[in-house]
>>> print(open('work.cif').read())   # mmCIF, C-alpha atoms
data_start
#
loop_
_atom_site.label_atom_id
_atom_site.label_comp_id
_atom_site.auth_asym_id
_atom_site.auth_seq_id
_atom_site.Cartn_x
_atom_site.Cartn_y
_atom_site.Cartn_z
CA MET A 1 119.58 43.10 111.83
CA SER A 2 117.87 39.74 111.98
CA SER A 3 117.01 39.04 108.34
CA VAL A 4 118.29 35.82 106.81
CA PRO A 5 121.01 36.37 104.17
CA PRO A 6 119.99 35.51 100.60
CA THR A 7 121.42 32.40 99.00
CA LYS A 8 123.74 32.45 96.02
CA SER A 9 120.85 31.77 93.65
CA GLN A 10 118.58 34.32 95.30
CA ILE A 11 121.05 37.18 95.21
CA ARG A 12 121.68 36.57 91.52
CA LYS A 13 117.91 36.84 90.86
CA TRP A 14 117.41 40.06 92.80
CA ASN A 15 115.45 42.51 90.66
CA VAL A 16 115.06 46.10 91.87
CA GLU A 17 113.11 47.32 88.85
CA PRO A 18 109.71 46.91 90.59
CA LEU A 19 110.99 49.05 93.46
CA ALA A 20 112.15 51.74 91.05
CA ALA A 21 108.74 51.60 89.35
CA GLN A 22 107.09 51.99 92.76
CA ALA A 23 109.00 55.23 93.32
CA LEU A 24 107.53 56.57 90.07
CA GLU A 25 104.02 55.51 91.10
CA TRP A 26 104.39 57.25 94.46
CA SER A 27 105.63 60.37 92.70
CA ASN A 28 102.53 60.40 90.46
CA ALA A 29 100.30 59.72 93.48
CA SER A 30 101.87 62.63 95.33
CA LYS A 31 101.06 64.96 92.42
CA ALA A 32 97.45 63.70 92.35
CA ALA A 33 97.07 64.12 96.12
CA THR A 34 98.55 67.62 95.92
CA THR A 35 96.00 68.54 93.25
CA GLU A 36 93.21 67.23 95.48
CA TYR A 37 94.63 69.13 98.44
CA ASN A 38 94.65 72.38 96.48
CA SER A 39 91.09 71.75 95.28
CA ILE A 40 89.77 71.22 98.81
CA SER A 41 91.72 74.24 100.02
CA ARG A 42 90.05 76.45 97.37
CA GLN A 43 86.61 75.07 98.21
CA LEU A 44 87.08 75.76 101.91
CA ALA A 45 88.36 79.26 101.17
CA ASP A 46 85.34 80.00 98.95
CA SER A 47 82.72 78.48 101.27
CA PRO A 48 82.14 81.60 103.46
CA GLY A 49 80.62 83.22 100.40
CA PHE A 50 77.69 80.81 100.39
CA TRP A 51 77.77 79.15 103.85
CA ARG A 52 78.00 81.38 106.87
CA GLY A 53 77.27 80.78 110.51
CA PRO A 54 78.22 78.13 113.11
CA ALA A 55 77.48 75.18 110.82
CA GLY A 56 79.69 76.56 108.06
CA ASP A 57 82.46 77.34 110.50
CA ALA A 58 82.24 73.81 111.93
CA MET A 59 82.42 72.34 108.43
CA ARG A 60 85.51 74.40 107.63
CA ASP A 61 87.16 73.37 110.90
CA ARG A 62 86.49 69.70 110.19
CA GLY A 63 87.75 70.10 106.64
CA THR A 64 90.95 71.75 107.81
CA GLN A 65 91.57 69.32 110.66
CA GLY A 66 90.29 66.25 108.83
CA ALA A 67 90.63 66.05 105.06
CA MET A 68 93.32 68.71 104.74
CA ALA A 69 95.43 67.34 107.58
CA SER A 70 95.11 63.76 106.30
CA LEU A 71 95.95 64.71 102.73
CA SER A 72 98.99 66.70 103.82
CA LYS A 73 100.26 63.63 105.68
CA VAL A 74 99.63 61.47 102.63
CA VAL A 75 101.56 63.87 100.38
CA ALA A 76 104.43 64.07 102.88
CA GLY A 77 104.55 60.28 103.15
CA LEU A 78 104.54 59.81 99.38
CA ASP A 79 107.28 62.38 98.88
CA LYS A 80 109.44 60.77 101.58
CA GLY A 81 108.67 57.40 100.01
CA VAL A 82 110.01 58.56 96.63
CA THR A 83 113.26 59.78 98.18
CA ALA A 84 113.70 56.72 100.39
CA THR A 85 112.90 54.29 97.57
CA THR A 86 115.39 55.93 95.21
CA ASN A 87 118.08 55.53 97.87
CA MET A 88 116.98 51.94 98.54
CA VAL A 89 117.31 51.01 94.89
CA GLN A 90 120.90 52.19 94.76
CA SER A 91 121.72 50.49 98.06
CA LEU A 92 120.26 47.16 96.91
CA VAL A 93 121.99 47.40 93.52
CA ASP A 94 125.33 48.03 95.24
CA ALA A 95 124.78 45.12 97.65
CA LYS A 96 123.84 42.74 94.83
CA THR A 97 126.78 43.84 92.67
CA ALA A 98 129.25 43.31 95.50
CA ALA A 99 127.93 39.84 96.43
CA VAL A 100 127.49 38.54 92.89
CA GLY A 101 130.89 39.91 91.87
CA ALA A 102 132.63 38.25 94.82
CA ILE A 103 130.95 34.90 94.07
CA ALA A 104 131.85 35.08 90.37
CA ALA A 105 135.48 35.94 91.10
CA VAL A 106 135.85 33.01 93.50
CA GLU A 107 134.20 30.57 91.09
CA GLU A 108 136.47 31.78 88.29
CA SER A 109 139.38 30.81 90.54
CA CYS A 110 138.06 27.23 90.44
CA PHE A 111 136.66 27.26 93.97
CA ILE A 112 133.18 25.91 94.67
CA VAL A 113 130.68 28.31 96.26
CA GLY A 114 127.71 26.79 98.08
CA GLU A 115 124.23 28.31 98.24
CA ASP A 116 124.89 29.66 101.75
CA GLY A 117 128.25 31.19 100.77
CA THR A 118 130.48 28.38 101.98
CA VAL A 119 133.59 27.95 99.84
CA GLY A 120 135.31 24.67 99.08
CA TYR A 121 137.33 22.97 96.39
CA ASP A 122 137.80 19.62 94.67
CA LYS A 123 140.56 17.82 92.75
CA SER A 124 140.20 20.12 89.76
CA THR A 125 140.97 23.10 92.01
CA ILE A 126 144.15 21.39 93.26
CA ALA A 127 145.14 20.61 89.68
CA TRP A 128 144.53 24.24 88.71
CA LEU A 129 146.74 25.44 91.58
CA VAL A 130 149.50 22.95 90.73
CA ASN A 131 149.39 24.06 87.11
CA ALA A 132 149.71 27.64 88.31
CA GLY A 133 153.09 26.80 89.80
CA TYR A 134 152.43 25.21 93.18
CA LYS A 135 154.01 21.76 92.72
CA GLN A 136 153.64 20.41 96.25
CA ILE A 137 150.23 18.82 96.80
CA ALA A 138 150.31 19.21 100.61
CA ALA A 139 151.35 22.83 100.38
CA SER A 140 148.74 23.41 97.71
CA GLN A 141 145.99 21.99 99.91
CA MET A 142 147.03 24.15 102.86
CA LEU A 143 146.98 27.20 100.63
CA LEU A 144 143.58 26.23 99.25
CA LEU A 145 142.12 25.86 102.74
CA HIS A 146 143.48 29.26 103.69
CA LEU A 147 142.18 30.92 100.54
CA ALA A 148 138.77 29.18 100.86
CA LYS A 149 138.31 30.57 104.38
CA ILE A 150 139.20 34.08 103.23
CA HIS A 151 136.83 33.87 100.25
CA GLU A 152 134.05 32.36 102.38
CA SER A 153 134.34 35.09 104.99
CA ASP A 154 134.18 37.75 102.28
CA ILE A 155 131.20 36.21 100.45
CA LYS A 156 129.17 35.60 103.61
CA ALA A 157 129.85 39.16 104.76
CA LYS A 158 128.54 40.48 101.44
CA LEU A 159 125.46 38.24 101.62
CA ARG A 160 124.78 39.51 105.14
CA ALA A 161 125.25 43.08 103.90
CA ALA A 162 122.68 42.37 101.19
CA ALA A 163 120.24 41.08 103.83
CA ASP A 164 120.84 44.20 105.92
CA ALA A 165 120.17 46.39 102.88
CA ALA A 166 116.88 44.58 102.24
CA GLU A 167 115.85 44.88 105.90
CA ALA A 168 116.79 48.56 105.91
CA ALA A 169 114.61 49.05 102.85
CA ARG A 170 111.62 47.41 104.55
CA THR A 171 112.15 49.48 107.70
CA ALA A 172 112.51 52.69 105.69
CA ILE A 173 109.19 52.08 103.92
CA ASP A 174 107.48 51.45 107.26
CA ASN A 175 108.95 54.63 108.68
CA VAL A 176 108.09 56.98 105.82
CA PHE A 177 104.44 55.96 105.94
CA ALA A 178 104.20 55.67 109.73
CA ASP A 179 102.36 59.01 110.02
CA VAL A 180 99.98 58.43 107.12
CA PRO A 181 96.46 57.82 108.50
CA ILE A 182 94.95 54.50 107.44
CA PRO A 183 91.15 54.22 107.63
CA LEU A 184 90.06 51.73 110.27
CA ASN A 185 88.11 49.61 107.80
CA LYS A 186 91.22 49.31 105.61
CA GLN A 187 93.27 48.16 108.61
CA MET A 188 90.69 45.48 109.36
CA ASP A 189 90.50 44.44 105.69
CA TRP A 190 94.28 44.08 105.66
CA ILE A 191 94.26 41.89 108.78
CA GLU A 192 91.45 39.77 107.37
CA ARG A 193 93.36 39.30 104.12
CA GLU A 194 96.92 38.86 105.39
CA TYR A 195 96.45 36.79 108.54
CA GLN A 196 95.70 33.48 106.85
CA VAL A 197 97.39 30.10 106.86
CA ASP A 198 97.25 27.10 104.53
CA SER A 199 94.97 24.24 105.54
CA ASP A 200 96.61 21.28 107.25
CA SER A 201 96.25 18.27 104.96
CA THR A 202 97.18 15.84 107.75
CA GLY A 203 93.72 16.01 109.32
CA MET A 204 92.53 16.06 112.91
CA THR A 205 93.22 13.97 116.00
CA ASN A 206 92.61 14.03 119.76
CA TRP A 207 95.31 14.85 122.32
CA PRO A 208 96.17 13.64 124.93
CA THR A 209 94.66 10.17 125.12
CA GLY A 210 95.43 6.82 126.76
CA LEU A 211 98.69 6.52 128.67
CA LYS A 212 99.67 10.07 127.72
CA ALA A 213 96.58 11.47 129.46
CA THR A 214 97.27 9.30 132.50
CA LEU A 215 100.89 10.45 132.76
CA MET A 216 99.80 14.07 132.40
CA GLY A 217 97.16 13.68 135.10
CA VAL A 218 94.24 14.72 132.88
CA VAL A 219 92.24 11.48 132.94
CA GLY A 220 88.53 12.20 132.85
CA LYS A 221 88.90 15.40 130.84
CA ASP A 222 87.93 15.59 127.19
CA PRO A 223 90.98 15.45 124.91
CA LEU A 224 91.71 18.42 122.67
CA PRO A 225 90.62 18.18 119.01
CA ILE A 226 93.77 19.38 117.25
CA THR A 227 95.50 18.92 113.93
CA VAL A 228 97.92 16.05 113.46
CA ALA A 229 100.70 18.61 112.93
CA GLU A 230 99.92 20.14 116.34
CA ALA A 231 99.96 16.73 117.99
CA GLN A 232 103.35 15.94 116.48
CA MET A 233 104.81 19.15 117.90
CA LEU A 234 103.38 18.39 121.33
CA ASP A 235 104.61 14.79 121.28
CA ASP A 236 108.11 16.08 120.56
CA LEU A 237 108.08 17.95 123.89
CA SER A 238 109.20 16.33 127.10
CA LEU A 239 106.45 15.14 129.44
CA VAL A 240 107.23 18.06 131.77
CA ASP A 241 106.81 20.54 128.92
CA GLN A 242 103.61 18.86 127.77
CA ILE A 243 102.18 19.34 131.25
CA LYS A 244 103.32 23.00 131.19
CA PHE A 245 101.61 23.45 127.83
CA TYR A 246 98.35 21.96 129.08
CA ARG A 247 98.35 24.10 132.21
CA ILE A 248 99.05 27.29 130.25
CA MET A 249 96.13 26.46 127.96
CA GLN A 250 93.82 25.92 130.96
CA ASP A 251 95.09 29.12 132.57
CA ALA A 252 94.36 31.04 129.38
CA GLU A 253 90.79 29.75 129.24
CA ASP A 254 90.12 30.48 132.91
CA SER A 255 91.75 33.92 132.80
CA ALA A 256 89.81 34.90 129.67
CA LYS A 257 86.45 34.00 131.21
CA ALA A 258 87.36 35.85 134.41
CA ALA A 259 88.44 38.99 132.51
CA PHE A 260 85.56 38.98 130.01
CA PRO A 261 82.67 36.75 131.11
CA PRO A 262 80.56 35.88 128.03
CA GLN A 263 77.34 37.93 127.95
CA ASN A 264 74.02 38.05 126.11
CA GLY A 265 74.03 34.44 125.03
CA GLN A 266 77.61 34.48 123.78
CA THR A 267 80.04 31.64 124.21
CA ASP A 268 83.76 32.26 124.67
CA GLU A 269 84.32 32.46 120.89
CA ASP A 270 84.71 35.32 118.40
CA ASN A 271 84.47 37.99 121.11
CA HIS A 272 86.47 39.83 123.80
CA THR A 273 86.86 36.57 125.72
CA ASP A 274 88.32 34.84 122.67
CA ALA A 275 90.64 37.76 121.87
CA TYR A 276 91.97 37.83 125.43
CA ARG A 277 92.46 34.05 125.52
CA HIS A 278 94.55 33.93 122.37
CA ALA A 279 96.69 36.91 123.34
CA TYR A 280 97.32 35.65 126.89
CA TRP A 281 97.93 32.08 125.69
CA ASN A 282 100.58 33.23 123.22
CA ALA A 283 102.19 35.61 125.70
CA ARG A 284 102.58 32.84 128.30
CA MET A 285 103.82 30.28 125.79
CA THR A 286 106.33 32.75 124.37
CA GLN A 287 107.73 33.18 127.88
CA VAL A 288 107.99 29.41 128.40
CA PHE A 289 108.67 27.92 124.96
CA GLY A 290 110.06 30.89 123.01
CA GLU A 291 108.66 32.92 120.14
CA ASP A 292 109.58 30.57 117.29
CA TRP A 293 108.02 27.43 118.77
CA THR A 294 104.92 29.34 119.87
CA LYS A 295 104.43 30.94 116.46
CA GLU A 296 104.84 27.63 114.65
CA TYR A 297 102.47 25.80 116.98
CA THR A 298 99.72 28.42 117.11
CA THR A 299 99.87 28.87 113.33
CA LYS A 300 99.39 25.13 112.89
CA HIS A 301 96.51 25.43 115.36
CA GLU A 302 94.63 27.54 112.81
CA GLY A 303 95.27 25.09 109.96
CA ARG A 304 92.09 23.04 110.30
CA ASP A 305 90.34 23.14 106.94
CA ASP A 306 86.94 24.11 108.37
CA ASN A 307 88.35 27.34 109.81
CA ALA A 308 86.46 30.39 108.52
CA ALA A 309 88.71 33.13 107.15
CA VAL A 310 87.47 35.82 109.54
CA ARG A 311 88.02 33.60 112.59
CA GLU A 312 91.40 32.57 111.29
CA ALA A 313 92.48 36.19 110.81
CA MET A 314 91.18 37.17 114.25
CA ASP A 315 93.04 34.39 116.02
CA LEU A 316 96.30 34.75 114.10
CA HIS A 317 96.36 38.50 114.70
CA ASN A 318 95.63 38.14 118.41
CA ASN A 319 98.26 35.40 118.64
CA ASP A 320 100.75 37.85 117.15
CA ILE A 321 99.82 40.53 119.68
CA GLY A 322 100.26 38.00 122.49
CA ARG A 323 103.73 36.97 121.32
CA GLN A 324 104.77 40.62 121.17
CA ILE A 325 103.58 41.02 124.76
CA GLY A 326 105.47 37.91 125.84
CA LEU A 327 108.67 39.11 124.17
CA ALA A 328 108.37 42.57 125.71
CA ASN A 329 107.66 41.17 129.20
CA PRO A 330 109.75 37.99 129.55
CA ASP A 331 109.92 38.19 133.35
CA ALA A 332 106.32 39.22 134.04
CA ASP A 333 104.46 36.84 136.34
CA PRO A 334 100.99 35.58 135.29
CA ASP A 335 99.16 38.31 137.24
CA GLU A 336 101.23 41.05 135.61
CA LEU A 337 100.74 39.45 132.20
CA ARG A 338 96.96 39.30 132.70
CA LYS A 339 96.89 43.06 133.33
CA ILE A 340 99.01 43.78 130.25
CA VAL A 341 96.81 41.59 128.04
CA ARG A 342 93.67 43.18 129.52
CA ASN A 343 95.04 46.60 128.56
CA ALA A 344 95.74 45.37 125.03
CA VAL A 345 92.13 44.22 124.66
CA ASP A 346 90.76 47.43 126.21
CA ASN A 347 92.97 49.58 123.96
CA GLY A 348 91.90 47.79 120.78
CA ASP A 349 95.25 46.19 119.97
CA THR A 350 93.35 42.92 119.58
CA VAL A 351 90.42 42.27 117.23
CA MET A 352 87.11 40.42 117.36
CA ILE A 353 84.14 39.62 115.08
CA ASN A 354 81.36 42.20 115.02
CA LYS A 355 77.68 41.68 114.27
CA ASP A 356 78.35 42.17 110.54
CA PHE A 357 80.70 39.16 110.73
CA HIS A 358 83.78 41.29 110.03
CA LEU A 359 86.69 42.28 112.23
CA SER A 360 86.66 45.23 114.60
CA PRO A 361 89.18 46.37 117.22
CA THR A 362 88.05 45.09 120.60
CA ASN A 363 87.67 48.64 121.92
CA GLN A 364 85.18 49.48 119.15
CA VAL A 365 82.57 46.92 120.26
CA ALA A 366 80.86 46.93 123.66
CA GLN A 367 81.24 43.75 125.65
CA GLY A 368 78.44 41.35 124.81
CA GLN A 369 77.62 43.17 121.55
CA GLY A 370 79.76 41.20 119.11
CA ALA A 371 78.66 38.42 116.79
CA LEU A 372 76.94 35.41 118.30
CA SER A 373 78.94 32.35 117.28
CA VAL A 374 75.78 30.40 116.47
CA ASP A 375 74.67 33.16 114.09
CA PHE A 376 78.11 33.25 112.52
CA ASN A 377 78.05 29.47 112.04
CA ASN A 378 74.65 29.61 110.37
CA SER A 379 75.52 32.52 108.11
CA GLY A 380 77.70 30.63 105.65
CA PRO A 381 80.97 32.11 106.97
CA GLN A 382 83.57 33.32 104.53
CA HIS A 383 86.39 30.95 103.72
CA ARG A 384 89.67 31.70 102.08
CA PRO A 385 89.66 31.63 98.27
CA GLY A 386 90.43 28.19 96.96
CA VAL A 387 89.74 26.42 100.24
CA PRO A 388 86.15 25.13 100.18
CA ALA A 389 84.35 24.53 103.44
CA PRO A 390 83.64 20.84 104.08
CA ASN A 391 80.15 21.80 105.25
CA ASN A 392 78.10 24.86 106.11
CA ASN A 393 78.50 24.51 109.85
CA PRO A 394 82.22 24.69 110.61
CA SER A 395 83.44 23.54 113.96
CA THR A 396 84.44 26.35 116.28
CA LYS A 397 87.79 26.43 118.02
#
>>> encode(input="work.cif", output="structure tokens")
Amino acid sequence: MSSVPPTKSQIRKWNVEPLAAQALEWSNASKAATTEYNSISRQLADSPGFWRGPAGDAMRDRGTQGAMASLSKVVAGLDKGVTATTNMVQSLVDAKTAAVGAIAAVEESCFIVGEDGTVGYDKSTIAWLVNAGYKQIAASQMLLLHLAKIHESDIKAKLRAAADAAEAARTAIDNVFADVPIPLNKQMDWIEREYQVDSDSTGMTNWPTGLKATLMGVVGKDPLPITVAEAQMLDDLSLVDQIKFYRIMQDAEDSAKAAFPPQNGQTDEDNHTDAYRHAYWNARMTQVFGEDWTKEYTTKHEGRDDNAAVREAMDLHNNDIGRQIGLANPDADPDELRKIVRNAVDNGDTVMINKDFHLSPTNQVAQGQGALSVDFNNSGPQHRPGVPAPNNNPSTK
């Protein structure tokens, strides 16, 4: 598993009581859903007495296949969640007890345990060992080194085990609710709420300019308005990689307009074109620069403080989809990648802004029928709580 092990301080602060309380809440929710299920079942069973004919039959079919089926999945998910959570609590308690106990035992032996589980010693440890009967300083130090390595290996193994237990808990929760239907509007609300990033306090700049633009061969082209944090990341790249970055960006813009030409007065923002561009851009950069660098850069890219929350969520989500595509297809050439990204947009894996200025899957809005960026700009777009817009006409990306 890939989760980062907790530190010494973090593992000591682990508290599983909220998880145990969640199991109780899910148990109560399951009982409530079961009551609702039984109520609907009785109503459907009684309905032939007052509603006969094709319309009544159609209603009963929809009720059985819709509400009843959905509720049964909800109840099953909640029940599995209760069982899984109870097991998770015990697993996390065991992992914490083992790690904290190992750390305490080593520290009681006068060794020093670092936050990451490294084990060392100082003069007081040597004195303690000498007082315990080891009179030779050199021999004592060799013994201490040997013991420190053994203790360190044990503590780090227990911290990794704790991380694995936490990751297993997260995966188990995902799995038990994987079959529970989530209303589309709730999915979009979640994306709009969760895919946000803090504003970049460093401000904006232009890149590349001057000698940099000359060396990159982009003289005569308008520089990119980007955040200072973005520019710093780009300046840390080699000149060759900076040129690669610029060409990938241009390729993404050209490919997006070719795949989804803007229609009905739209620009290449907030729509299918925009969704494709972000997904393809991230997929290509993940192939070339790796997932971590790409995620850090494209997240900083959304940090301008005039970025409306809905736009920010759209772009961050589509960036995420693109990185997943890049990771899953590391050897795909640009033509193959364009087809894969096109499928993602057509299938609704990506999102865009609809005419109500909220998110919709890209397969739920006909091309050319999304929000016009100019209307969005003039509507007083929604910004994240606590981050005021500098004006009522935010710059588009």
>>> resolve_selection(input="work.cif", expression="the PyMOL selection byres ((chain A and resi 336-345) around 10)", output="PyMOL selection string")
chain A and resi 252+255-256+259-260+272-273+275-281+283-284+318+321-322+325-326+329-335+346-352+361-363
>>> atom_distance(input="work.cif", atom1="CA of Met249 (chain A)", atom2="CA of Pro261 (chain A)")
17.2 Å
>>> closest_residue(input="work.cif", among="A:Glu152, A:Val113, A:Trp26, A:Val16", to="Gln90 (chain A)", atoms="all atoms listed in the file")
A:Val16
>>> atom_distance(input="work.cif", atom1="CA of Asp235 (chain A)", atom2="CA of Val197 (chain A)")
22.2 Å
>>> closest_residue(input="work.cif", among="A:Thr118, A:Thr171, A:Asn15, A:Ser153", to="Leu92 (chain A)", atoms="all atoms listed in the file")
A:Asn15
>>> atom_distance(input="work.cif", atom1="CA of Pro262 (chain A)", atom2="CA of Phe376 (chain A)")
15.9 Å
>>> build_atoms(input="work.cif", residues="region 170-197 of chain A", atoms="N, CA and C atoms", output="PDB file, in the frame of the given file")
ATOM      1  N   ARG A 170     112.946  47.671 103.970  1.00  0.00           N
ATOM      2  CA  ARG A 170     111.620  47.410 104.550  1.00  0.00           C
ATOM      3  C   ARG A 170     111.340  48.376 105.702  1.00  0.00           C
ATOM      4  N   THR A 171     112.331  48.574 106.558  1.00  0.00           N
ATOM      5  CA  THR A 171     112.150  49.480 107.700  1.00  0.00           C
ATOM      6  C   THR A 171     111.920  50.909 107.231  1.00  0.00           C
ATOM      7  N   ALA A 172     112.656  51.319 106.199  1.00  0.00           N
ATOM      8  CA  ALA A 172     112.510  52.690 105.690  1.00  0.00           C
ATOM      9  C   ALA A 172     111.104  52.916 105.151  1.00  0.00           C
ATOM     10  N   ILE A 173     110.549  51.939 104.451  1.00  0.00           N
ATOM     11  CA  ILE A 173     109.190  52.080 103.920  1.00  0.00           C
ATOM     12  C   ILE A 173     108.193  52.187 105.062  1.00  0.00           C
ATOM     13  N   ASP A 174     108.362  51.355 106.095  1.00  0.00           N
ATOM     14  CA  ASP A 174     107.480  51.450 107.260  1.00  0.00           C
ATOM     15  C   ASP A 174     107.548  52.826 107.891  1.00  0.00           C
ATOM     16  N   ASN A 175     108.767  53.354 107.994  1.00  0.00           N
ATOM     17  CA  ASN A 175     108.950  54.630 108.680  1.00  0.00           C
ATOM     18  C   ASN A 175     108.371  55.811 107.903  1.00  0.00           C
ATOM     19  N   VAL A 176     108.555  55.818 106.579  1.00  0.00           N
ATOM     20  CA  VAL A 176     108.090  56.980 105.820  1.00  0.00           C
ATOM     21  C   VAL A 176     106.577  57.072 105.797  1.00  0.00           C
ATOM     22  N   PHE A 177     105.900  55.932 105.954  1.00  0.00           N
ATOM     23  CA  PHE A 177     104.440  55.960 105.940  1.00  0.00           C
ATOM     24  C   PHE A 177     103.831  55.796 107.327  1.00  0.00           C
ATOM     25  N   ALA A 178     104.685  55.882 108.362  1.00  0.00           N
ATOM     26  CA  ALA A 178     104.200  55.670 109.730  1.00  0.00           C
ATOM     27  C   ALA A 178     103.154  56.708 110.136  1.00  0.00           C
ATOM     28  N   ASP A 179     103.269  57.936 109.628  1.00  0.00           N
ATOM     29  CA  ASP A 179     102.360  59.010 110.020  1.00  0.00           C
ATOM     30  C   ASP A 179     101.165  59.155 109.089  1.00  0.00           C
ATOM     31  N   VAL A 180     101.097  58.328 108.052  1.00  0.00           N
ATOM     32  CA  VAL A 180      99.980  58.430 107.120  1.00  0.00           C
ATOM     33  C   VAL A 180      98.763  57.728 107.726  1.00  0.00           C
ATOM     34  N   PRO A 181      97.641  58.437 107.883  1.00  0.00           N
ATOM     35  CA  PRO A 181      96.460  57.820 108.500  1.00  0.00           C
ATOM     36  C   PRO A 181      95.871  56.743 107.596  1.00  0.00           C
ATOM     37  N   ILE A 182      95.581  55.587 108.180  1.00  0.00           N
ATOM     38  CA  ILE A 182      94.950  54.500 107.440  1.00  0.00           C
ATOM     39  C   ILE A 182      93.540  54.316 107.987  1.00  0.00           C
ATOM     40  N   PRO A 183      92.519  54.399 107.142  1.00  0.00           N
ATOM     41  CA  PRO A 183      91.150  54.220 107.630  1.00  0.00           C
ATOM     42  C   PRO A 183      90.997  52.893 108.362  1.00  0.00           C
ATOM     43  N   LEU A 184      90.208  52.919 109.429  1.00  0.00           N
ATOM     44  CA  LEU A 184      90.060  51.730 110.270  1.00  0.00           C
ATOM     45  C   LEU A 184      89.578  50.527 109.480  1.00  0.00           C
ATOM     46  N   ASN A 185      88.623  50.751 108.562  1.00  0.00           N
ATOM     47  CA  ASN A 185      88.110  49.610 107.800  1.00  0.00           C
ATOM     48  C   ASN A 185      89.195  49.004 106.919  1.00  0.00           C
ATOM     49  N   LYS A 186      90.138  49.839 106.435  1.00  0.00           N
ATOM     50  CA  LYS A 186      91.220  49.310 105.610  1.00  0.00           C
ATOM     51  C   LYS A 186      92.194  48.491 106.460  1.00  0.00           C
ATOM     52  N   GLN A 187      92.425  48.935 107.706  1.00  0.00           N
ATOM     53  CA  GLN A 187      93.270  48.160 108.610  1.00  0.00           C
ATOM     54  C   GLN A 187      92.674  46.781 108.854  1.00  0.00           C
ATOM     55  N   MET A 188      91.358  46.757 109.094  1.00  0.00           N
ATOM     56  CA  MET A 188      90.690  45.480 109.360  1.00  0.00           C
ATOM     57  C   MET A 188      90.682  44.598 108.107  1.00  0.00           C
ATOM     58  N   ASP A 189      90.464  45.213 106.945  1.00  0.00           N
ATOM     59  CA  ASP A 189      90.500  44.440 105.690  1.00  0.00           C
ATOM     60  C   ASP A 189      91.870  43.815 105.491  1.00  0.00           C
ATOM     61  N   TRP A 190      92.912  44.596 105.827  1.00  0.00           N
ATOM     62  CA  TRP A 190      94.280  44.080 105.660  1.00  0.00           C
ATOM     63  C   TRP A 190      94.512  42.888 106.584  1.00  0.00           C
ATOM     64  N   ILE A 191      94.098  43.002 107.843  1.00  0.00           N
ATOM     65  CA  ILE A 191      94.260  41.890 108.780  1.00  0.00           C
ATOM     66  C   ILE A 191      93.512  40.661 108.287  1.00  0.00           C
ATOM     67  N   GLU A 192      92.282  40.888 107.835  1.00  0.00           N
ATOM     68  CA  GLU A 192      91.450  39.770 107.370  1.00  0.00           C
ATOM     69  C   GLU A 192      92.076  39.085 106.155  1.00  0.00           C
ATOM     70  N   ARG A 193      92.760  39.848 105.332  1.00  0.00           N
ATOM     71  CA  ARG A 193      93.360  39.300 104.120  1.00  0.00           C
ATOM     72  C   ARG A 193      94.715  38.649 104.383  1.00  0.00           C
ATOM     73  N   GLU A 194      95.538  39.291 105.225  1.00  0.00           N
ATOM     74  CA  GLU A 194      96.920  38.860 105.390  1.00  0.00           C
ATOM     75  C   GLU A 194      97.103  37.764 106.441  1.00  0.00           C
ATOM     76  N   TYR A 195      96.283  37.773 107.472  1.00  0.00           N
ATOM     77  CA  TYR A 195      96.450  36.790 108.540  1.00  0.00           C
ATOM     78  C   TYR A 195      95.693  35.517 108.200  1.00  0.00           C
ATOM     79  N   GLN A 196      96.272  34.750 107.291  1.00  0.00           N
ATOM     80  CA  GLN A 196      95.700  33.480 106.850  1.00  0.00           C
ATOM     81  C   GLN A 196      96.810  32.437 106.807  1.00  0.00           C
ATOM     82  N   VAL A 197      96.414  31.185 106.884  1.00  0.00           N
ATOM     83  CA  VAL A 197      97.390  30.100 106.860  1.00  0.00           C
ATOM     84  C   VAL A 197      96.823  28.968 106.006  1.00  0.00           C
TER      85      VAL A 197
END
